[in-house]
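Enquirer: First the structure, then my questions, so here it is.
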Amino acid sequence: MTEYIPLPGSERSAAPSARSAGPLDAAAPIEVMVMLRRRAEVPHELIVGPETISQPELAQQYGADPADAELVREVLGRHGLQVTAVDLAARRVTVTGTAEQMSEAFHTELTRAASPDPATGEAVEHRHREGPLKVPAPLDGVVVAVLGLDDRPQARPHLRHAHAEARRISYKPNELANVYRFPPGTDGSGQVLAMVELGGGFKPAELKTYFQSLGVPMPRVTAVSVGTARNHPGEEADDEVLLDIEVAGALAPGAEQKVYFAHNTDQGFVAAVSQAVHSTPTPAALSISWGAPEIFWTEQARLVFDEALADAAALGVTVCVAAGDAGSSDGVDDGLPHTDFPAASPHALACGGTRLDADPAAAEVRSERVWGGDGDGATGGGVSEAFRLPVWQDTAGVPHNGSAPGRGVPDVSGVADPATGYEVLVNGRRAVIGGTSAVAPLWAALTCRLVEALGRPLGMLHPLLYAGVTPGHTSRGFREIIDGSNGAFRAGRGWNACTGLGVPDGQELLAALRELMPH
């Protein structure tokens, strides 16, 4: 008789508004991702940088032990499950089997359910489970997460369309390089800018048309499949994919873009980030425009996602993540403030949003305030319930949200209000789109240009960005945003839970980084 041990953090709540969609075929094939423990914890000094580690060194010292992978193969094999792939560097083991075998191996009941897609609101059928998972006793402590048994849609894209009837200002993305004073003489050359997409796709011919219209060189853009997901243009998520590629490409046309397409599940999302971070050559920046309220993630999924972002930091990848478009509630209707994940990870550069009125030709900003207050979306921001206050944010004045001080979100900002949005081309039509979705690729593009100028990767920027920050005082390289609110929080001098440290002054930021980083 197999002894089972509870898997910490695997407790899963029912999907919101889920309804039964009948029984699950016991013989239905399922593929899951089993995450293994590290050989050793990555030292804090390595994560916060600025020193980085090579991929072979990371795999050898902090990846999974081959003996652990072999143990998983042997133990799960007794339950009829098969290991089909092992990535020791990323600590991922792919396991396949039937629904019945999976239910037995992980001590859970799998059913069919239908619940609203967070991105579209339409009912989607998926596998569903509730409660904790258990693992066979020999795997206790060896396996840290099992993702993919429940394949409900996990995340939503953080973008908003401008209403045609509203008087609006809009910008070609490349014009924002003047507004935010990106370092001259740089275009991201020699760098890789990775991005994760959970649906949709792009057509190279359309990108060519768009960049020609801007008078910007066409960046090299490559689609990368994660699992069975593909670049699949013609879906609703095309808006997100094209916004990301076009903003990043307009601002850093010299950087090669790699677009990782994954299924919109916790398994797909984690796998895409892990694959992007561990790819060769190591990207300078990773842009993520998708997320969901922290409370809609299992603890195990948040843990292994955060660990993938810690790997990114150690390898020198700066991960820029949209902070959300539903204000301080993050779209949760319980009357409480919530932060969005993965933006709330302390290893993510969380990107908030502003409303901008500027003359790009003159590089003149007439006004810039928090995006929010008009009922048409607002920047995410607040204090994490899942992650403790990081040491580098200690002196920034992050408000407490209970007994243990939490991580403050966002870190940085840029224009996101769709009423002062980005001019893009989506499936043959010109559109103006906003959302913090656009701010993540803007900061990823700026990162590529900073890395090009410095000649070295930046990894986790936070310790450098927050150096010397105190309540009421921001960092060099930022223009403070002191006006506006995202609901529960108001802007003010210094760091705030609407726009973080502020919007970039790229030239000042480069000068500050040159002084702060060892030569």
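Lettering and numbering for the structure tokens are positional, with chains as A, B, ... in the shown order, residues counted from 1 in each chain, and ligands counted from 1 in the shown order.
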Just asking: which residues within stretch 96-158 of chain A are helix (DSSP H, G or I) according to DSSP, as a PDB file with N, CA and C atoms, in the first residue's frame?
Expert:
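Here's the written file result19.pdb:
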```
ATOM      1  N   ALA A  99      -5.833  10.040 -17.000  1.00  0.00           N
ATOM      2  CA  ALA A  99      -6.474  10.757 -15.895  1.00  0.00           C
ATOM      3  C   ALA A  99      -6.550   9.868 -14.654  1.00  0.00           C
ATOM      4  N   GLU A 100      -6.881   8.604 -14.864  1.00  0.00           N
ATOM      5  CA  GLU A 100      -7.014   7.676 -13.746  1.00  0.00           C
ATOM      6  C   GLU A 100      -5.666   7.479 -13.037  1.00  0.00           C
ATOM      7  N   GLN A 101      -4.597   7.311 -13.840  1.00  0.00           N
ATOM      8  CA  GLN A 101      -3.260   7.121 -13.262  1.00  0.00           C
ATOM      9  C   GLN A 101      -2.799   8.374 -12.503  1.00  0.00           C
ATOM     10  N   MET A 102      -3.077   9.550 -13.079  1.00  0.00           N
ATOM     11  CA  MET A 102      -2.693  10.809 -12.431  1.00  0.00           C
ATOM     12  C   MET A 102      -3.440  10.977 -11.100  1.00  0.00           C
ATOM     13  N   SER A 103      -4.739  10.690 -11.123  1.00  0.00           N
ATOM     14  CA  SER A 103      -5.555  10.834  -9.910  1.00  0.00           C
ATOM     15  C   SER A 103      -5.015   9.947  -8.793  1.00  0.00           C
ATOM     16  N   GLU A 104      -4.609   8.730  -9.165  1.00  0.00           N
ATOM     17  CA  GLU A 104      -4.095   7.795  -8.171  1.00  0.00           C
ATOM     18  C   GLU A 104      -2.709   8.233  -7.668  1.00  0.00           C
ATOM     19  N   ALA A 105      -1.836   8.646  -8.589  1.00  0.00           N
ATOM     20  CA  ALA A 105      -0.460   8.992  -8.223  1.00  0.00           C
ATOM     21  C   ALA A 105      -0.394  10.223  -7.329  1.00  0.00           C
ATOM     22  N   ALA A 137       5.270   8.748  -0.726  1.00  0.00           N
ATOM     23  CA  ALA A 137       6.205   9.106   0.353  1.00  0.00           C
ATOM     24  C   ALA A 137       7.665   9.265  -0.094  1.00  0.00           C
ATOM     25  N   PRO A 138       8.192   8.408  -1.001  1.00  0.00           N
ATOM     26  CA  PRO A 138       9.604   8.591  -1.390  1.00  0.00           C
ATOM     27  C   PRO A 138       9.883   9.945  -2.057  1.00  0.00           C
ATOM     28  N   LEU A 139       8.815  10.627  -2.568  1.00  0.00           N
ATOM     29  CA  LEU A 139       9.011  11.907  -3.269  1.00  0.00           C
ATOM     30  C   LEU A 139       8.805  13.106  -2.348  1.00  0.00           C
TER      31      LEU A 139
END
```
Enquirer: Applying 9 Å and only C-alpha atoms, which residues near A:Ser54 remain after dropping the ones on its own chain fewer than 5 positions away? List them as a PyMOL selection string.
Expert: chain A and resi 59+282+314-316
Enquirer: State, in Å with one decimal place, the distance from atom CA of A:Leu149 to atom CA of A:Phe387.
Expert: 25.3 Å
Enquirer: Would you kindly return, as a list of chain:residue names, each protein, DNA or RNA residue with an atom no farther than 6 Å from any atom of A:Pro283, considering only C-alpha atoms and excluding same-chain residues fewer than 6 positions away?
Expert: A:Val192, A:Leu193, A:Val317
Enquirer: Next, dump the selected residues to file, keeping only C-alpha atoms, as a CSV table (one decimal), in the first residue's frame.
Expert:
```
chain,number,residue,atom,x,y,z
A,192,VAL,CA,17.8,39.4,-27.0
A,193,LEU,CA,14.4,40.6,-25.7
A,317,VAL,CA,17.9,38.7,-17.1
```
Enquirer: Just checking: using only C-alpha atoms, which residue out of A:Ser345, A:Gln191, A:Thr108, A:Ser17 ends up closest to A:Ala445?
Expert: A:Gln191
Enquirer: With distances taken over only C-alpha atoms, which residue among A:Trp290, A:Trp495, A:Trp443, A:Trp371 lies nearest A:Ala119?
Expert: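 Residue with the minimum atom-to-atom distance to A:Ala119: A:Trp290.
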Enquirer: Can you work out the spacing between atom CA of A:Pro219 and atom CA of A:Ala248 in Å, to one decimal?
Expert: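 These two atoms are separated by 9.2 Å.
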Enquirer: Would you mind listing what lies within 7 Å of A:Val143 as a compact mmCIF listing (two decimals) with all heavy atoms, in the first residue's frame, with only C-alpha atoms counted and same-chain residues fewer than 5 positions away left out?
Expert:
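So selection_0.txt came out as:
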```
# COMPACT_ATOMS: atom_id res chain seq x y z
N VAL A 34 6.28 18.29 -13.33
CA VAL A 34 6.71 18.04 -11.95
C VAL A 34 7.98 18.86 -11.73
O VAL A 34 8.95 18.73 -12.48
CB VAL A 34 6.98 16.53 -11.73
CG1 VAL A 34 7.59 16.29 -10.36
CG2 VAL A 34 5.68 15.74 -11.90
N MET A 35 7.94 19.73 -10.71
CA MET A 35 9.10 20.58 -10.40
C MET A 35 9.89 19.97 -9.25
O MET A 35 9.31 19.61 -8.22
CB MET A 35 8.64 21.99 -10.03
CG MET A 35 7.91 22.71 -11.14
SD MET A 35 8.94 23.09 -12.58
CE MET A 35 10.05 24.30 -11.89
N LEU A 36 11.19 19.86 -9.44
CA LEU A 36 12.07 19.25 -8.44
C LEU A 36 12.75 20.31 -7.57
O LEU A 36 12.88 21.46 -7.97
CB LEU A 36 13.15 18.42 -9.14
CG LEU A 36 12.65 17.32 -10.09
CD1 LEU A 36 13.84 16.63 -10.74
CD2 LEU A 36 11.78 16.32 -9.34
N ARG A 37 13.20 19.89 -6.40
CA ARG A 37 13.93 20.79 -5.50
C ARG A 37 15.27 21.16 -6.13
O ARG A 37 15.78 20.47 -7.02
CB ARG A 37 14.16 20.09 -4.16
CG ARG A 37 15.03 18.84 -4.27
CD ARG A 37 15.14 18.10 -2.96
NE ARG A 37 15.83 16.81 -3.13
CZ ARG A 37 15.97 15.92 -2.16
NH1 ARG A 37 15.46 16.16 -0.96
NH2 ARG A 37 16.61 14.78 -2.39
```
Enquirer: Tell me which protein, DNA and RNA residues are within 12 Å of A:Asn174, counting only C-alpha atoms, leaving out same-chain ones fewer than 4 positions away, and put them as a PyMOL selection string.
Expert: chain A and resi 170+178-182+187+210-211+213-217+246-253+360-361+422-424+442+445-446
Enquirer: Using DSSP on the backbone coordinates, identify the residues of stretch 36-209 of chain A assigned to strand (DSSP E or B); present them as a ChimeraX atom specification.
Expert: /A:36,82-87,92-98,111-116,123-128,131,134-136,143-147,156-157,160-161,171,192-197
Enquirer: What's the 8 Å shell around A:Pro293, counting only C-alpha atoms, without same-chain residues fewer than 2 positions away, as a PyMOL selection string?
Expert: chain A and resi 291+295-297+330-332+338-341
Enquirer: Please dump the current selection as a CSV table (one decimal), in the first residue's frame; keep all heavy atoms.
Expert:
```
chain,number,residue,atom,x,y,z
A,291,GLY,N,-1.1,38.3,-16.3
A,291,GLY,CA,-1.1,38.0,-14.9
A,291,GLY,C,-2.5,37.8,-14.3
A,291,GLY,O,-3.5,37.8,-15.1
A,295,ILE,N,-4.3,35.9,-5.3
A,295,ILE,CA,-5.2,34.9,-4.6
A,295,ILE,C,-5.7,33.8,-5.6
A,295,ILE,O,-6.2,32.8,-5.2
A,295,ILE,CB,-6.4,35.5,-3.9
A,295,ILE,CG1,-7.2,36.3,-4.9
A,295,ILE,CG2,-5.9,36.3,-2.7
A,295,ILE,CD1,-8.6,36.8,-4.3
A,296,PHE,N,-5.6,34.0,-6.9
A,296,PHE,CA,-6.1,33.0,-7.9
A,296,PHE,C,-5.0,32.1,-8.3
A,296,PHE,O,-5.2,31.3,-9.2
A,296,PHE,CB,-6.6,33.7,-9.1
A,296,PHE,CG,-7.9,34.5,-8.9
A,296,PHE,CD1,-8.4,35.4,-9.8
A,296,PHE,CD2,-8.6,34.3,-7.7
A,296,PHE,CE1,-9.6,36.1,-9.6
A,296,PHE,CE2,-9.8,35.0,-7.5
A,296,PHE,CZ,-10.3,35.9,-8.4
A,297,TRP,N,-3.8,32.1,-7.6
A,297,TRP,CA,-2.7,31.2,-7.9
A,297,TRP,C,-2.6,30.2,-6.7
A,297,TRP,O,-2.8,30.6,-5.6
A,297,TRP,CB,-1.4,32.0,-8.0
A,297,TRP,CG,-1.3,32.8,-9.2
A,297,TRP,CD1,-1.8,34.1,-9.4
A,297,TRP,CD2,-0.6,32.5,-10.4
A,297,TRP,NE1,-1.5,34.6,-10.6
A,297,TRP,CE2,-0.7,33.7,-11.3
A,297,TRP,CE3,0.2,31.5,-10.8
A,297,TRP,CZ2,-0.1,33.7,-12.5
A,297,TRP,CZ3,0.8,31.5,-12.1
A,297,TRP,CH2,0.6,32.6,-12.9
A,330,ASP,N,-7.4,45.0,-8.3
A,330,ASP,CA,-7.0,44.0,-9.3
A,330,ASP,C,-8.2,43.3,-9.8
A,330,ASP,O,-8.0,42.1,-10.3
A,330,ASP,CB,-5.9,43.1,-8.7
A,330,ASP,CG,-5.1,42.5,-9.8
A,330,ASP,OD1,-4.9,43.1,-10.9
A,330,ASP,OD2,-4.6,41.3,-9.7
A,331,GLY,N,-9.4,43.9,-9.8
A,331,GLY,CA,-10.5,43.2,-10.4
A,331,GLY,C,-11.2,42.2,-9.5
A,331,GLY,O,-12.2,41.6,-9.9
A,332,VAL,N,-10.7,42.1,-8.2
A,332,VAL,CA,-11.4,41.2,-7.3
A,332,VAL,C,-12.5,41.9,-6.6
A,332,VAL,O,-12.2,43.0,-6.0
A,332,VAL,CB,-10.4,40.6,-6.3
A,332,VAL,CG1,-11.0,39.6,-5.3
A,332,VAL,CG2,-9.2,39.9,-7.0
A,338,HIS,N,-5.8,44.3,-3.8
A,338,HIS,CA,-5.0,43.1,-4.2
A,338,HIS,C,-3.9,43.5,-5.2
A,338,HIS,O,-4.1,44.4,-6.0
A,338,HIS,CB,-6.0,42.1,-4.9
A,338,HIS,CG,-7.0,41.5,-3.9
A,338,HIS,ND1,-6.7,40.4,-3.1
A,338,HIS,CD2,-8.3,41.8,-3.7
A,338,HIS,CE1,-7.8,40.1,-2.4
A,338,HIS,NE2,-8.8,41.0,-2.7
A,339,THR,N,-2.8,42.7,-5.2
A,339,THR,CA,-1.8,42.9,-6.2
A,339,THR,C,-1.8,41.7,-7.2
A,339,THR,O,-2.3,40.6,-6.9
A,339,THR,CB,-0.4,43.0,-5.6
A,339,THR,OG1,-0.2,41.9,-4.7
A,339,THR,CG2,-0.2,44.3,-4.8
A,340,ASP,N,-1.3,42.0,-8.3
A,340,ASP,CA,-1.3,41.0,-9.4
A,340,ASP,C,0.0,40.2,-9.4
A,340,ASP,O,1.1,40.8,-9.1
A,340,ASP,CB,-1.4,41.8,-10.8
A,340,ASP,CG,-2.0,40.9,-11.9
A,340,ASP,OD1,-3.3,40.7,-11.8
A,340,ASP,OD2,-1.3,40.5,-12.8
A,341,PHE,N,-0.1,39.0,-9.8
A,341,PHE,CA,1.1,38.1,-9.9
A,341,PHE,C,1.2,37.7,-11.3
A,341,PHE,O,0.2,37.4,-12.0
A,341,PHE,CB,0.9,36.9,-9.0
A,341,PHE,CG,2.2,36.0,-9.0
A,341,PHE,CD1,3.3,36.3,-8.2
A,341,PHE,CD2,2.2,34.9,-9.8
A,341,PHE,CE1,4.4,35.5,-8.2
A,341,PHE,CE2,3.3,34.1,-9.8
A,341,PHE,CZ,4.4,34.4,-9.0
```
Enquirer: Excluding same-chain residues fewer than 3 positions from A:Met460, what lies within 8 Å of it counting only C-alpha atoms, as a ChimeraX atom specification?
Expert: /A:47-50,313,316-319,347-349,463
Enquirer: Could you take the residues named above and write them with all heavy atoms, as a compact mmCIF listing (two decimals), in the first residue's frame?
Expert:
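Final output, again06.txt:
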```txt
# COMPACT_ATOMS: atom_id res chain seq x y z
N ILE A 47 21.45 36.55 -6.53
CA ILE A 47 20.17 36.98 -7.09
C ILE A 47 20.12 38.50 -7.23
O ILE A 47 19.71 39.03 -8.27
CB ILE A 47 19.00 36.47 -6.22
CG1 ILE A 47 18.92 34.94 -6.27
CG2 ILE A 47 17.67 37.09 -6.68
CD1 ILE A 47 17.94 34.34 -5.29
N VAL A 48 20.57 39.22 -6.20
CA VAL A 48 20.46 40.68 -6.24
C VAL A 48 21.56 41.33 -7.07
O VAL A 48 21.44 42.50 -7.43
CB VAL A 48 20.41 41.31 -4.82
CG1 VAL A 48 19.19 40.83 -4.08
CG2 VAL A 48 21.67 41.01 -4.04
N GLY A 49 22.59 40.57 -7.41
CA GLY A 49 23.60 41.06 -8.34
C GLY A 49 24.48 42.15 -7.73
O GLY A 49 24.52 42.32 -6.53
N PRO A 50 25.20 42.90 -8.58
CA PRO A 50 25.12 42.87 -10.03
C PRO A 50 25.90 41.74 -10.71
O PRO A 50 25.83 41.60 -11.93
CB PRO A 50 25.69 44.23 -10.45
CG PRO A 50 26.65 44.57 -9.36
CD PRO A 50 26.10 43.97 -8.10
N ALA A 313 17.29 36.35 -12.51
CA ALA A 313 18.14 37.37 -11.88
C ALA A 313 19.60 36.91 -11.81
O ALA A 313 20.52 37.66 -12.14
CB ALA A 313 17.61 37.69 -10.48
N GLY A 316 21.27 37.16 -15.07
CA GLY A 316 21.42 38.51 -15.63
C GLY A 316 20.24 38.98 -16.45
O GLY A 316 20.36 39.96 -17.19
N VAL A 317 19.09 38.31 -16.34
CA VAL A 317 17.89 38.70 -17.10
C VAL A 317 17.05 39.66 -16.26
O VAL A 317 16.75 39.37 -15.10
CB VAL A 317 17.01 37.48 -17.46
CG1 VAL A 317 15.85 37.88 -18.36
CG2 VAL A 317 17.84 36.38 -18.09
N THR A 318 16.67 40.80 -16.82
CA THR A 318 15.75 41.73 -16.16
C THR A 318 14.34 41.39 -16.61
O THR A 318 14.05 41.42 -17.81
CB THR A 318 16.09 43.18 -16.52
OG1 THR A 318 17.45 43.44 -16.17
CG2 THR A 318 15.18 44.16 -15.78
N VAL A 319 13.46 41.03 -15.67
CA VAL A 319 12.10 40.59 -16.01
C VAL A 319 11.11 41.73 -15.73
O VAL A 319 10.92 42.13 -14.57
CB VAL A 319 11.71 39.34 -15.20
CG1 VAL A 319 10.33 38.84 -15.64
CG2 VAL A 319 12.75 38.23 -15.38
N HIS A 347 11.22 39.40 -7.53
CA HIS A 347 12.23 39.28 -8.60
C HIS A 347 11.75 39.84 -9.93
O HIS A 347 12.46 39.75 -10.93
CB HIS A 347 12.64 37.81 -8.75
CG HIS A 347 13.14 37.21 -7.48
ND1 HIS A 347 12.48 36.20 -6.81
CD2 HIS A 347 14.22 37.51 -6.71
CE1 HIS A 347 13.13 35.90 -5.71
NE2 HIS A 347 14.19 36.67 -5.63
N ALA A 348 10.54 40.41 -9.95
CA ALA A 348 9.99 41.04 -11.16
C ALA A 348 10.09 42.55 -11.03
O ALA A 348 9.88 43.09 -9.94
CB ALA A 348 8.53 40.63 -11.34
N LEU A 349 10.40 43.22 -12.13
CA LEU A 349 10.33 44.68 -12.18
C LEU A 349 8.88 45.02 -12.54
O LEU A 349 8.48 44.91 -13.70
CB LEU A 349 11.31 45.24 -13.22
CG LEU A 349 11.47 46.76 -13.21
CD1 LEU A 349 12.24 47.21 -11.96
CD2 LEU A 349 12.19 47.23 -14.46
N PRO A 463 17.95 46.52 -6.52
CA PRO A 463 18.88 47.08 -5.53
C PRO A 463 19.54 48.37 -6.02
O PRO A 463 19.82 49.26 -5.22
CB PRO A 463 19.91 45.96 -5.34
CG PRO A 463 19.19 44.71 -5.73
CD PRO A 463 18.29 45.12 -6.86
```
Enquirer: Pick the closest to A:Glu31 from A:Gly185, A:Gly268, A:Gly9, A:Gly141: which is it, counting only C-alpha atoms?
Expert: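 Looking at the shortest contact to A:Glu31, the residue is A:Gly268.
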Enquirer: Rank nothing, just name the residue among A:Ala343, A:Ala404, A:Ala444, A:Ala323 nearest to A:Cys498, using only C-alpha atoms.
Expert: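 Checking each candidate against A:Cys498, we get A:Ala323 as the closest.
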Enquirer: Take atom CA of A:Ala237 and atom CA of A:Val321 and report the distance between them in Å, one decimal.
Expert: 17.2 Å
